[in-house]
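Novice: Input structure13.cif, format and content: mmCIF, C-alpha atoms and all ligand atoms.
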data_my_file
#
loop_
_atom_site.label_atom_id
_atom_site.label_comp_id
_atom_site.auth_asym_id
_atom_site.auth_seq_id
_atom_site.Cartn_x
_atom_site.Cartn_y
_atom_site.Cartn_z
CA MET A 1 95.89 46.82 77.08
CA LYS A 2 94.11 48.35 74.12
CA GLU A 3 96.29 50.00 71.55
CA LYS A 4 95.35 52.34 68.74
CA ARG A 5 95.82 50.97 65.27
CA SER A 6 98.67 52.13 63.10
CA SER A 7 97.80 55.02 60.86
CA ALA A 8 98.78 52.84 57.88
CA THR A 9 95.66 52.39 55.80
CA PRO A 10 94.90 50.00 52.98
CA GLN A 11 94.67 51.26 49.46
CA VAL A 12 91.05 51.84 48.40
CA ARG A 13 90.82 51.58 44.64
CA GLY A 14 87.23 52.75 44.16
CA TRP A 15 86.68 50.57 41.12
CA CYS A 16 85.88 46.95 40.52
CA PRO A 17 87.91 44.67 38.27
CA GLY A 18 86.24 42.85 35.43
CA ALA A 19 87.36 40.63 32.61
CA TRP A 20 88.06 43.56 30.28
CA ARG A 21 89.59 45.55 33.10
CA PRO A 22 91.64 43.05 35.10
CA MET A 23 93.32 44.10 38.33
CA ALA A 24 97.01 43.58 39.01
CA THR A 25 97.44 41.71 42.29
CA GLY A 26 100.26 39.97 44.12
CA ASP A 27 99.96 36.81 42.00
CA GLY A 28 99.28 38.38 38.59
CA LEU A 29 96.11 39.66 36.98
CA LEU A 30 92.76 39.00 38.59
CA VAL A 31 90.09 38.47 35.93
CA ARG A 32 86.49 38.63 37.11
CA VAL A 33 83.62 36.91 35.35
CA ARG A 34 80.03 37.96 35.94
CA PRO A 35 77.67 35.03 35.25
CA PRO A 36 74.53 36.23 33.43
CA LEU A 37 71.42 35.70 35.59
CA GLY A 38 73.76 34.42 38.28
CA ARG A 39 74.09 31.09 36.50
CA LEU A 40 76.48 29.22 34.23
CA THR A 41 75.58 26.13 32.28
CA ARG A 42 77.68 23.09 33.10
CA ALA A 43 79.52 23.53 29.79
CA ARG A 44 80.38 27.13 30.60
CA MET A 45 81.53 26.22 34.09
CA LEU A 46 83.80 23.57 32.62
CA SER A 47 85.14 26.16 30.20
CA LEU A 48 85.88 28.45 33.12
CA CYS A 49 87.83 25.64 34.80
CA GLU A 50 89.78 25.16 31.59
CA ALA A 51 90.53 28.87 31.41
CA ALA A 52 91.73 28.93 35.03
CA GLU A 53 94.16 26.12 34.37
CA THR A 54 95.34 27.32 30.96
CA TRP A 55 95.85 31.03 31.61
CA GLY A 56 95.67 31.38 35.40
CA SER A 57 96.96 29.68 38.52
CA GLY A 58 94.13 27.15 38.52
CA LEU A 59 92.32 28.86 41.38
CA ILE A 60 88.74 30.08 41.02
CA GLU A 61 87.23 32.42 43.59
CA LEU A 62 83.61 33.22 44.34
CA THR A 63 83.22 36.80 45.54
CA ARG A 64 80.82 38.33 48.04
CA ARG A 65 78.90 39.75 45.10
CA ALA A 66 78.51 36.36 43.47
CA ASN A 67 81.11 36.86 40.75
CA LEU A 68 83.70 34.27 39.78
CA GLN A 69 87.30 35.25 39.33
CA LEU A 70 90.48 33.74 37.97
CA ARG A 71 93.82 34.49 39.59
CA GLY A 72 97.40 34.48 38.44
CA VAL A 73 96.83 35.48 34.82
CA ASN A 74 99.87 36.98 33.16
CA GLU A 75 99.62 40.02 30.93
CA ALA A 76 100.96 38.23 27.86
CA GLY A 77 98.25 35.57 28.09
CA TRP A 78 95.36 37.90 28.89
CA PRO A 79 94.32 38.71 25.25
CA GLU A 80 94.10 35.01 24.45
CA LEU A 81 92.15 34.40 27.64
CA MET A 82 89.69 37.16 26.72
CA ALA A 83 89.11 35.66 23.27
CA PHE A 84 88.36 32.33 24.97
CA LEU A 85 86.02 33.87 27.56
CA VAL A 86 84.05 35.79 24.91
CA GLU A 87 83.84 32.75 22.64
CA HIS A 88 82.44 30.63 25.48
CA GLY A 89 79.93 33.19 26.70
CA LEU A 90 81.87 33.98 29.86
CA ALA A 91 82.61 37.64 29.13
CA ALA A 92 80.78 40.48 27.44
CA PRO A 93 81.90 41.14 23.86
CA ASP A 94 83.37 44.52 24.78
CA ALA A 95 84.39 46.63 27.74
CA ALA A 96 81.36 48.93 27.47
CA ALA A 97 78.91 46.05 27.86
CA GLU A 98 80.83 44.80 30.89
CA ARG A 99 80.54 48.16 32.63
CA ARG A 100 76.76 47.98 32.91
CA PRO A 101 75.47 47.73 36.48
CA ALA A 102 75.75 44.32 38.09
CA LEU A 103 72.56 42.32 38.61
CA LEU A 104 72.55 40.14 41.69
CA LEU A 105 69.70 37.61 41.74
CA ALA A 106 68.38 35.80 44.80
CA PRO A 107 69.88 32.38 43.92
CA GLU A 108 66.69 30.37 44.32
CA TRP A 109 64.82 32.17 41.51
CA ARG A 110 62.58 30.14 39.28
CA GLU A 111 61.99 30.67 35.61
CA GLY A 112 59.02 33.01 35.22
CA ASP A 113 59.06 34.45 38.75
CA ALA A 114 59.48 38.16 39.42
CA THR A 115 63.22 37.95 40.16
CA TYR A 116 63.91 36.10 36.93
CA GLU A 117 61.61 38.23 34.76
CA ALA A 118 63.06 41.46 36.11
CA ALA A 119 66.58 40.23 35.36
CA ARG A 120 65.63 39.29 31.80
CA LEU A 121 64.03 42.68 31.18
CA LEU A 122 66.95 44.55 32.70
CA GLU A 123 69.48 42.61 30.66
CA ARG A 124 67.81 43.92 27.52
CA ARG A 125 67.45 47.49 28.75
CA LEU A 126 70.64 48.23 30.66
CA ALA A 127 72.34 49.21 27.41
CA ASP A 128 70.16 52.34 27.44
CA TRP A 129 70.94 53.26 31.04
CA PRO A 130 73.26 56.16 31.76
CA ALA A 131 76.88 55.48 32.70
CA LEU A 132 76.98 54.74 36.43
CA PRO A 133 79.78 54.38 39.00
CA ASP A 134 81.64 51.06 38.88
CA LYS A 135 80.37 49.75 42.16
CA TRP A 136 76.70 50.39 41.34
CA GLY A 137 74.56 47.29 41.57
CA LEU A 138 70.98 46.02 41.61
CA ALA A 139 69.65 43.26 43.87
CA LEU A 140 66.71 41.33 42.44
CA ASP A 141 65.25 39.67 45.47
CA ALA A 142 61.50 39.33 44.98
CA GLY A 143 60.81 36.11 46.87
CA PRO A 144 58.44 36.22 49.88
CA ALA A 145 61.25 37.56 52.11
CA PRO A 146 64.52 39.13 51.03
CA VAL A 147 67.72 37.09 51.26
CA LEU A 148 70.23 39.57 49.88
CA GLY A 149 69.92 42.21 52.58
CA ASP A 150 73.57 41.91 53.59
CA VAL A 151 74.84 42.51 50.08
CA PRO A 152 75.35 46.16 49.06
CA ALA A 153 73.00 47.31 46.28
CA ASP A 154 71.83 50.72 45.08
CA LEU A 155 68.40 49.59 43.95
CA ARG A 156 66.50 46.52 45.09
CA LEU A 157 63.42 44.72 43.86
CA GLU A 158 61.73 43.17 46.86
CA ARG A 159 58.32 42.56 48.42
CA SER A 160 56.40 44.82 50.75
CA ILE A 161 55.11 43.42 54.03
CA GLU A 162 51.75 43.03 52.24
CA GLY A 163 53.42 40.98 49.51
CA GLY A 164 53.35 43.44 46.60
CA LEU A 165 56.42 44.33 44.57
CA VAL A 166 58.47 47.32 45.71
CA VAL A 167 61.60 49.08 44.52
CA ARG A 168 63.98 50.19 47.26
CA ALA A 169 66.47 52.97 46.72
CA ASP A 170 69.36 52.37 49.11
CA GLY A 171 69.46 54.65 52.13
CA ARG A 172 65.70 55.26 52.26
CA ASP A 173 63.43 54.13 55.07
CA LEU A 174 60.56 53.12 52.81
CA ALA A 175 60.18 51.55 49.37
CA THR A 176 58.18 52.52 46.28
CA PRO A 177 55.28 50.20 45.40
CA VAL A 178 55.02 49.07 41.78
CA ALA A 179 52.24 47.25 39.95
CA ASP A 180 54.33 44.58 38.25
CA VAL A 181 57.79 43.66 37.00
CA GLU A 182 57.51 45.88 33.93
CA ALA A 183 56.69 48.86 36.14
CA ALA A 184 59.55 47.96 38.48
CA VAL A 185 62.10 47.93 35.69
CA ALA A 186 60.72 51.21 34.31
CA LEU A 187 61.02 52.78 37.77
CA MET A 188 64.56 51.49 38.27
CA THR A 189 65.53 52.94 34.90
CA ARG A 190 64.05 56.31 35.78
CA LEU A 191 65.75 56.28 39.19
CA ALA A 192 69.11 55.56 37.57
CA HIS A 193 68.70 58.70 35.44
CA TRP A 194 67.51 60.68 38.47
CA PHE A 195 70.59 59.50 40.41
CA VAL A 196 72.89 60.88 37.71
CA ASP A 197 70.93 64.13 37.40
CA SER A 198 71.08 64.56 41.19
CA GLY A 199 74.87 64.50 41.34
CA GLY A 200 75.16 60.77 41.87
CA LEU A 201 78.30 60.34 39.79
CA ALA A 202 80.21 62.43 42.30
CA ALA A 203 78.49 60.81 45.29
CA GLY A 204 79.18 57.31 43.98
CA ARG A 205 76.34 55.39 45.61
CA MET A 206 72.60 55.86 45.90
CA ARG A 207 72.70 56.05 49.69
CA ARG A 208 74.98 59.09 49.48
CA VAL A 209 72.48 61.06 47.40
CA THR A 210 70.52 62.71 50.15
CA ALA A 211 67.93 64.52 47.99
CA PRO A 212 64.40 63.23 48.60
CA LEU A 213 63.08 60.86 45.98
CA PRO A 214 60.96 62.62 43.33
CA GLY A 215 57.17 62.50 43.53
CA TRP A 216 56.91 59.86 40.79
CA ALA A 217 58.94 57.51 43.02
CA ALA A 218 57.22 58.31 46.32
CA ALA A 219 58.37 55.75 48.89
CA THR A 220 55.37 54.76 50.99
CA ALA A 221 55.68 51.04 51.66
CA ALA A 222 57.51 49.09 54.35
CA TRP A 223 59.44 46.21 52.89
CA ALA A 224 59.29 42.62 54.12
CA GLU A 225 62.08 41.79 56.53
CA SER A 226 64.26 38.73 56.14
CA SER A 227 62.76 35.90 58.15
CA ASP A 228 66.08 34.23 58.79
CA ASP A 229 69.38 35.85 59.64
CA THR A 230 71.40 32.78 58.65
CA PRO A 231 72.97 33.10 55.18
CA GLY A 232 71.00 31.01 52.77
CA LEU A 233 71.72 27.69 51.13
CA THR A 234 73.15 25.18 53.55
CA PRO A 235 75.72 22.79 52.04
CA GLY A 236 74.17 19.46 51.15
CA SER A 237 70.98 18.44 49.43
CA HIS A 238 68.69 21.14 48.01
CA PRO A 239 65.33 20.79 46.22
CA ALA A 240 67.01 21.97 43.00
CA GLY A 241 70.18 19.93 43.38
CA ARG A 242 73.06 20.23 45.80
CA VAL A 243 74.91 23.05 47.51
CA VAL A 244 78.68 23.05 47.90
CA GLY A 245 80.73 25.67 49.74
CA LEU A 246 84.06 27.10 48.69
CA ALA A 247 86.37 27.29 51.67
CA PHE A 248 87.24 30.95 52.21
CA GLY A 249 85.69 31.65 48.81
CA ARG A 250 88.12 29.71 46.65
CA ALA A 251 88.65 26.30 45.08
CA THR A 252 90.85 24.76 42.47
CA ALA A 253 89.48 24.24 38.99
CA ALA A 254 90.24 20.52 39.43
CA SER A 255 88.02 20.33 42.54
CA LEU A 256 85.18 22.09 40.81
CA ARG A 257 85.45 19.99 37.69
CA ALA A 258 85.31 16.86 39.84
CA VAL A 259 81.86 17.77 41.18
CA LEU A 260 80.42 18.81 37.81
CA HIS A 261 78.88 15.41 37.13
CA ASP A 262 77.05 14.71 33.89
CA ASP A 263 73.60 15.15 35.43
CA ILE A 264 74.28 18.74 36.49
CA THR A 265 72.48 21.20 34.24
CA GLY A 266 73.92 24.42 35.57
CA VAL A 267 75.69 26.14 38.44
CA ARG A 268 74.21 29.09 40.29
CA VAL A 269 76.46 31.50 42.11
CA THR A 270 75.59 33.03 45.47
CA PRO A 271 77.06 35.85 47.58
CA TRP A 272 77.64 33.35 50.41
CA ARG A 273 80.64 31.52 48.92
CA ARG A 274 78.43 28.62 47.94
CA LEU A 275 77.41 27.18 44.61
CA LEU A 276 74.10 25.53 43.83
CA LEU A 277 74.69 22.59 41.50
CA GLU A 278 71.39 22.30 39.66
CA GLY A 279 70.11 18.80 39.05
CA GLU A 280 72.37 16.80 41.31
CA HIS A 281 71.19 15.22 44.51
CA ALA A 282 73.58 14.27 47.26
CA SER A 283 71.71 11.03 47.85
CA THR A 284 72.80 9.81 44.43
CA ARG A 285 76.49 10.24 45.21
CA ASP A 286 79.04 8.50 47.34
CA ALA A 287 80.48 10.43 50.24
CA ALA A 288 82.44 13.35 48.86
CA PRO A 289 86.23 13.01 48.88
CA ASP A 290 88.35 15.56 50.63
CA ASP A 291 88.34 17.82 47.60
CA GLY A 292 88.71 21.17 49.34
CA LEU A 293 85.01 21.95 48.92
CA ILE A 294 82.53 22.15 51.77
CA HIS A 295 79.82 19.48 51.63
CA ASP A 296 78.80 19.42 55.28
CA ALA A 297 76.65 21.96 57.10
CA CYS A 298 78.79 21.42 60.23
CA ASP A 299 82.06 22.37 58.54
CA PRO A 300 83.77 24.94 60.81
CA ARG A 301 84.99 26.91 57.78
CA LEU A 302 81.41 28.06 57.23
CA ALA A 303 81.78 30.22 60.32
CA MET A 304 85.04 31.75 59.13
CA ASP A 305 86.05 34.45 56.66
CA ALA A 306 89.53 34.90 55.25
CA CYS A 307 90.70 37.08 52.40
CA PRO A 308 93.38 35.86 49.94
CA GLY A 309 96.21 37.56 51.89
CA ALA A 310 99.86 37.19 50.89
CA PRO A 311 101.16 36.34 48.36
CA PHE A 312 97.91 36.77 46.44
CA CYS A 313 97.19 40.36 47.43
CA ALA A 314 99.86 43.03 47.19
CA GLN A 315 98.42 44.84 50.21
CA ALA A 316 98.86 41.87 52.52
CA SER A 317 101.88 41.27 54.73
CA VAL A 318 100.55 38.00 56.18
CA ALA A 319 99.52 34.66 54.66
CA THR A 320 95.91 34.57 55.83
CA GLN A 321 94.91 31.36 54.09
CA GLY A 322 97.45 29.22 55.93
CA LEU A 323 96.44 30.61 59.31
CA ALA A 324 92.75 30.23 58.46
CA GLN A 325 93.25 26.58 57.59
CA ALA A 326 95.25 25.97 60.78
CA LEU A 327 92.52 27.56 62.86
CA ALA A 328 89.81 25.63 61.00
CA GLU A 329 91.53 22.36 61.89
CA ARG A 330 91.47 23.35 65.54
CA ARG A 331 87.77 24.15 65.21
CA SER A 332 87.08 20.75 63.67
CA GLU A 333 84.52 19.90 66.32
CA GLY A 334 82.78 23.19 65.75
CA PRO A 335 79.13 23.53 64.88
CA GLY A 336 79.55 25.07 61.41
CA GLU A 337 77.58 28.16 60.60
CA SER A 338 75.15 27.59 63.42
CA ALA A 339 77.97 28.82 65.62
CA ALA A 340 77.26 31.79 67.78
CA GLY A 341 80.31 33.61 66.51
CA ARG A 342 82.49 34.15 63.49
CA LEU A 343 86.22 34.21 63.05
CA HIS A 344 87.66 36.64 60.50
CA ILE A 345 91.26 36.58 59.26
CA SER A 346 92.07 39.66 57.23
CA GLY A 347 95.29 40.46 55.41
CA CYS A 348 94.92 44.15 56.18
CA ALA A 349 92.49 46.63 57.67
CA LYS A 350 90.43 46.82 54.49
CA GLY A 351 88.56 43.68 55.51
CA CYS A 352 87.61 42.46 52.03
CA ALA A 353 86.32 39.10 53.26
CA ARG A 354 83.91 40.59 55.79
CA SER A 355 82.75 44.16 56.17
CA GLY A 356 80.75 43.60 59.37
CA PRO A 357 82.05 42.74 62.83
CA ALA A 358 83.13 39.25 63.88
CA GLU A 359 83.47 37.83 67.36
CA VAL A 360 87.18 37.38 66.71
CA CYS A 361 89.12 39.16 63.99
CA LEU A 362 92.83 38.85 63.22
CA THR A 363 94.09 41.66 61.01
CA GLY A 364 97.50 41.60 59.40
CA ARG A 365 99.83 44.53 59.87
CA ASP A 366 103.55 44.66 59.14
CA GLY A 367 103.85 40.89 59.00
CA ARG A 368 102.08 40.27 62.33
CA TYR A 369 98.48 40.15 63.48
CA ASP A 370 96.32 42.47 65.52
CA LEU A 371 93.52 40.85 67.50
CA ILE A 372 90.13 42.52 67.54
CA LEU A 373 87.24 41.20 69.58
CA GLY A 374 83.68 41.89 68.44
CA GLY A 375 84.74 44.26 65.70
CA ARG A 376 85.71 44.85 62.10
CA ALA A 377 89.15 44.44 60.57
CA ASP A 378 89.87 48.15 61.04
CA ASP A 379 88.66 48.42 64.64
CA THR A 380 90.88 48.98 67.66
CA PRO A 381 92.73 45.79 68.64
CA VAL A 382 93.00 44.33 72.13
CA ALA A 383 96.40 42.83 71.29
CA THR A 384 98.94 43.59 68.58
CA GLY A 385 102.06 42.13 67.01
CA LEU A 386 100.98 38.48 67.23
CA GLY A 387 102.73 35.84 65.13
CA GLU A 388 100.71 32.92 63.77
CA SER A 389 101.53 30.63 66.68
CA ASP A 390 100.87 33.46 69.16
CA ALA A 391 97.47 34.01 67.57
CA ILE A 392 96.58 30.31 67.73
CA GLU A 393 97.76 30.03 71.32
CA TYR A 394 95.97 33.20 72.34
CA LEU A 395 92.69 31.95 70.94
CA GLU A 396 93.13 28.42 72.29
CA THR A 397 93.88 29.57 75.81
CA ARG A 398 90.80 31.77 75.78
CA ASP A 399 88.65 29.02 74.33
CA ALA A 400 87.90 31.40 71.46
CA LEU A 401 88.17 28.63 68.88
CA ARG A 402 85.05 26.97 70.26
CA LEU A 403 82.81 29.80 69.14
S1 LIG A 501 91.73 42.63 53.13
FE1 LIG A 501 92.99 41.05 52.19
S2 LIG A 501 92.40 40.96 50.04
FE2 LIG A 501 91.61 42.90 50.89
S3 LIG A 501 93.21 44.42 50.41
FE3 LIG A 501 93.63 43.64 52.47
S4 LIG A 501 95.05 41.93 52.19
FE4 LIG A 501 94.12 42.38 50.19
#
What does this structure look like when you write it as structure tokens?
Ligand code: SF4
Specialist:
Amino acid sequence: MKEKRSSATPQVRGWCPGAWRPMATGDGLLVRVRPPLGRLTRARMLSLCEAAETWGSGLIELTRRANLQLRGVNEAGWPELMAFLVEHGLAAPDAAAERRPALLLAPEWREGDATYEAARLLERRLADWPALPDKWGLALDAGPAPVLGDVPADLRLERSIEGGLVVRADGRDLATPVADVEAAVALMTRLAHWFVDSGGLAAGRMRRVTAPLPGWAAATAAWAESSDDTPGLTPGSHPAGRVVGLAFGRATAASLRAVLHDDITGVRVTPWRRLLLEGEHASTRDAAPDDGLIHDACDPRLAMDACPGAPFCAQASVATQGLAQALAERRSEGPGESAAGRLHISGCAKGCARSGPAEVCLTGRDGRYDLILGGRADDTPVATGLGESDAIEYLETRDALRL
């Protein structure tokens, strides 16, 4: 019988952690690193691994906005960590520079293409933008079809259905055509000022500013739709190198270091919990060891989402990662991300690991799990108060693990 959720609600902070503004969590400070142009050289990635092991717990996470974060940093060690991150090009030199809007690039950009050129221009000009809300972000996604549609962004650079460049202000039905990348960046800059002048700081996000766009930004073009609803970059060989997945968005620094072979030139981050290792080809390597990374497109963990849970997050009352791994082992014959359905294990109703619905969602509450079918972490459950073994049994008896 369906039961209404508890009125207990997760804490919504309304701001994003960074390196200069770390967030206190259940396992210490969380320090977030934003790779410039969505890429770290191999040397910088190795430095990040060193930082994770020296000042953190050794875990590195890849977020849904393609940022990397260290966990378990203690307050006493944080100043030394920051000096290291700045010295190695992993953090902005000061807090003000870090607070500029995040740029998310479609990971398969090429040097000289519109995505890359727009990012380079914006990097130089964002210092002159007005102060914007913490969560503000730009998606630079100017390939033939967008790939970042599922990632929240206030402004997007994309293509129209005719193939021209367009700027999309979030929440609008049409996009504004622009002549070239220079014009796109100029328009984005002007729209950022317009957002602030239109009360955007109070509204928080572009989609919440309901005023019509000004005449100089008239939105008249339909944008190209994504041609594929499967998240991009399948683990395995890629024309630019090799893709590896991070199970539930995290890996140890030791695992990552082990795949950073000498022939890798850089590592691109993605919002899909996968890294593109530039320059390495799977065919040149032996079969990957069981290193905690995902190398196989059929890995059942690709069809699962799990947040850090307890003890990593202070809002969690359940250890999501252990249950996720136990369920993944029972889905070992599963068809990876080609599966018809997803399984979401959330430490609380906030649903950090997945904002959309999943075929099966287990949400922690007061040390037990609620079961939600076809919904989000905060939707009404069909069963409540399940322990881990209850949850596994419930799903096994209903064949729900063979999604
Ligand atoms: S969903 Fe998970 S990570 Fe997010 S606040 Fe809840 S317990 Fe923490």
Novice: Name all residues at most 9 Å from Glu75 in chain A (count only C-alpha atoms; drop same-chain ones fewer than 4 positions away) and give them as a ChimeraX atom specification.
Specialist: /A:28-29,79
Novice: Write out the residues from the selection above, keeping C-alpha atoms, as a PDB file, keeping the file's coordinate frame.
Specialist:
ATOM      1  CA  GLY A  28      99.280  38.380  38.590  1.00  0.00           C
ATOM      2  CA  LEU A  29      96.110  39.660  36.980  1.00  0.00           C
ATOM      3  CA  PRO A  79      94.320  38.710  25.250  1.00  0.00           C
TER       4      PRO A  79
END
Novice: Can you measure CA of Gly292 in chain A to CA of Thr252 in chain A for me? One decimal in Å is fine.
Specialist: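 Calculated distance between CA of Gly292 in chain A and CA of Thr252 in chain A is 8.0 Å.
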Novice: Counting all atoms listed in the file, which residues in chain A sit no more than 9 Å from ligand LIG 501 (chain A)? For each one, give the nearest pair of atoms and the distance in Å, sorted by chain then residue number, as a tab-separated table.
Specialist:
residue	atom	partner	partner_atom	distance
A:Pro10	CA	A:LIG501	S3	6.4
A:Gln11	CA	A:LIG501	S3	7.1
A:Val12	CA	A:LIG501	S3	8.0
A:Thr25	CA	A:LIG501	FE4	8.6
A:Gly26	CA	A:LIG501	FE4	9.0
A:Ala306	CA	A:LIG501	FE1	7.7
A:Cys307	CA	A:LIG501	FE1	4.6
A:Pro308	CA	A:LIG501	S2	5.2
A:Gly309	CA	A:LIG501	S4	4.5
A:Ala310	CA	A:LIG501	S4	6.9
A:Phe312	CA	A:LIG501	FE4	7.7
A:Cys313	CA	A:LIG501	FE4	4.6
A:Ala314	CA	A:LIG501	FE4	6.5
A:Gln315	CA	A:LIG501	S4	4.9
A:Ala316	CA	A:LIG501	S4	3.8
A:Ser317	CA	A:LIG501	S4	7.3
A:Val318	CA	A:LIG501	S4	7.8
A:Ala319	CA	A:LIG501	S4	8.9
A:Thr320	CA	A:LIG501	FE1	8.0
A:Ile345	CA	A:LIG501	FE1	8.5
A:Ser346	CA	A:LIG501	S1	5.1
A:Gly347	CA	A:LIG501	S4	3.5
A:Cys348	CA	A:LIG501	FE3	4.0
A:Ala349	CA	A:LIG501	S1	6.1
A:Lys350	CA	A:LIG501	S1	4.6
A:Gly351	CA	A:LIG501	S1	4.1
A:Cys352	CA	A:LIG501	FE2	4.2
A:Ala353	CA	A:LIG501	S1	6.5
A:Arg354	CA	A:LIG501	S1	8.5
A:Thr363	CA	A:LIG501	S1	8.3
A:Gly364	CA	A:LIG501	S4	7.6
A:Ala377	CA	A:LIG501	S1	8.1
Novice: Grab the CA of Leu157 in chain A to CA of Asp141 in chain A distance for me, in Å with one decimal place.
Specialist: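 About the pair CA of Leu157 in chain A and CA of Asp141 in chain A: they are 5.6 Å apart.
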Novice: At what distance in Å, to one decimal, does CA of Ile294 in chain A lie from CA of Ser255 in chain A?
Specialist: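 For CA of Ser255 in chain A relative to CA of Ile294 in chain A, the distance reads 10.9 Å.
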Novice: Taking into account all atoms listed in the file, which residue in the set A:Arg168, A:His88, A:His193, A:Arg205 is nearest to Trp129 in chain A?
Specialist: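 Closest candidate: A:His193.
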Novice: Show me, as a PyMOL selection string, the residues that have an atom within 8 Å of Val181 in chain A when counting only C-alpha atoms, minus same-chain residues fewer than 4 positions from it.
Specialist: chain A and resi 114+117-118+165+185
Novice: How would range 375-392 of chain A read, as a PDB file, in the coordinates of the input, once N, CA and C atoms are built in?
Specialist:
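Saved file selection-v8.pdb follows:
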ATOM      1  N   GLY A 375      84.643  43.083  66.564  1.00  0.00           N
ATOM      2  CA  GLY A 375      84.740  44.260  65.700  1.00  0.00           C
ATOM      3  C   GLY A 375      85.111  43.916  64.265  1.00  0.00           C
ATOM      4  N   ARG A 376      85.323  44.971  63.501  1.00  0.00           N
ATOM      5  CA  ARG A 376      85.710  44.850  62.100  1.00  0.00           C
ATOM      6  C   ARG A 376      87.242  44.816  61.995  1.00  0.00           C
ATOM      7  N   ALA A 377      87.696  44.555  60.779  1.00  0.00           N
ATOM      8  CA  ALA A 377      89.150  44.440  60.570  1.00  0.00           C
ATOM      9  C   ALA A 377      89.881  45.736  60.889  1.00  0.00           C
ATOM     10  N   ASP A 378      89.189  46.872  60.805  1.00  0.00           N
ATOM     11  CA  ASP A 378      89.870  48.150  61.040  1.00  0.00           C
ATOM     12  C   ASP A 378      89.558  48.724  62.427  1.00  0.00           C
ATOM     13  N   ASP A 379      88.954  47.922  63.291  1.00  0.00           N
ATOM     14  CA  ASP A 379      88.660  48.420  64.640  1.00  0.00           C
ATOM     15  C   ASP A 379      89.896  48.345  65.543  1.00  0.00           C
ATOM     16  N   THR A 380      89.758  48.923  66.708  1.00  0.00           N
ATOM     17  CA  THR A 380      90.880  48.980  67.660  1.00  0.00           C
ATOM     18  C   THR A 380      91.170  47.589  68.231  1.00  0.00           C
ATOM     19  N   PRO A 381      92.409  47.143  68.145  1.00  0.00           N
ATOM     20  CA  PRO A 381      92.730  45.790  68.640  1.00  0.00           C
ATOM     21  C   PRO A 381      92.890  45.756  70.167  1.00  0.00           C
ATOM     22  N   VAL A 382      92.708  44.531  70.705  1.00  0.00           N
ATOM     23  CA  VAL A 382      93.000  44.330  72.130  1.00  0.00           C
ATOM     24  C   VAL A 382      94.416  43.794  72.319  1.00  0.00           C
ATOM     25  N   ALA A 383      95.002  43.284  71.241  1.00  0.00           N
ATOM     26  CA  ALA A 383      96.400  42.830  71.290  1.00  0.00           C
ATOM     27  C   ALA A 383      97.007  43.050  69.916  1.00  0.00           C
ATOM     28  N   THR A 384      98.294  43.302  69.870  1.00  0.00           N
ATOM     29  CA  THR A 384      98.940  43.590  68.580  1.00  0.00           C
ATOM     30  C   THR A 384     100.240  42.788  68.473  1.00  0.00           C
ATOM     31  N   GLY A 385     100.755  42.729  67.237  1.00  0.00           N
ATOM     32  CA  GLY A 385     102.060  42.130  67.010  1.00  0.00           C
ATOM     33  C   GLY A 385     102.107  40.628  67.230  1.00  0.00           C
ATOM     34  N   LEU A 386     100.995  39.923  67.017  1.00  0.00           N
ATOM     35  CA  LEU A 386     100.980  38.480  67.230  1.00  0.00           C
ATOM     36  C   LEU A 386     101.504  37.750  65.997  1.00  0.00           C
ATOM     37  N   GLY A 387     102.372  36.753  66.210  1.00  0.00           N
ATOM     38  CA  GLY A 387     102.730  35.840  65.130  1.00  0.00           C
ATOM     39  C   GLY A 387     101.627  34.807  64.986  1.00  0.00           C
ATOM     40  N   GLU A 388     101.757  33.927  63.978  1.00  0.00           N
ATOM     41  CA  GLU A 388     100.710  32.920  63.770  1.00  0.00           C
ATOM     42  C   GLU A 388     100.531  32.035  64.998  1.00  0.00           C
ATOM     43  N   SER A 389     101.662  31.538  65.532  1.00  0.00           N
ATOM     44  CA  SER A 389     101.530  30.630  66.680  1.00  0.00           C
ATOM     45  C   SER A 389     101.023  31.377  67.904  1.00  0.00           C
ATOM     46  N   ASP A 390     101.413  32.660  68.037  1.00  0.00           N
ATOM     47  CA  ASP A 390     100.870  33.460  69.160  1.00  0.00           C
ATOM     48  C   ASP A 390      99.350  33.554  69.028  1.00  0.00           C
ATOM     49  N   ALA A 391      98.904  33.803  67.788  1.00  0.00           N
ATOM     50  CA  ALA A 391      97.470  34.010  67.570  1.00  0.00           C
ATOM     51  C   ALA A 391      96.703  32.729  67.900  1.00  0.00           C
ATOM     52  N   ILE A 392      97.260  31.583  67.459  1.00  0.00           N
ATOM     53  CA  ILE A 392      96.580  30.310  67.730  1.00  0.00           C
ATOM     54  C   ILE A 392      96.551  30.061  69.245  1.00  0.00           C
TER      55      ILE A 392
END
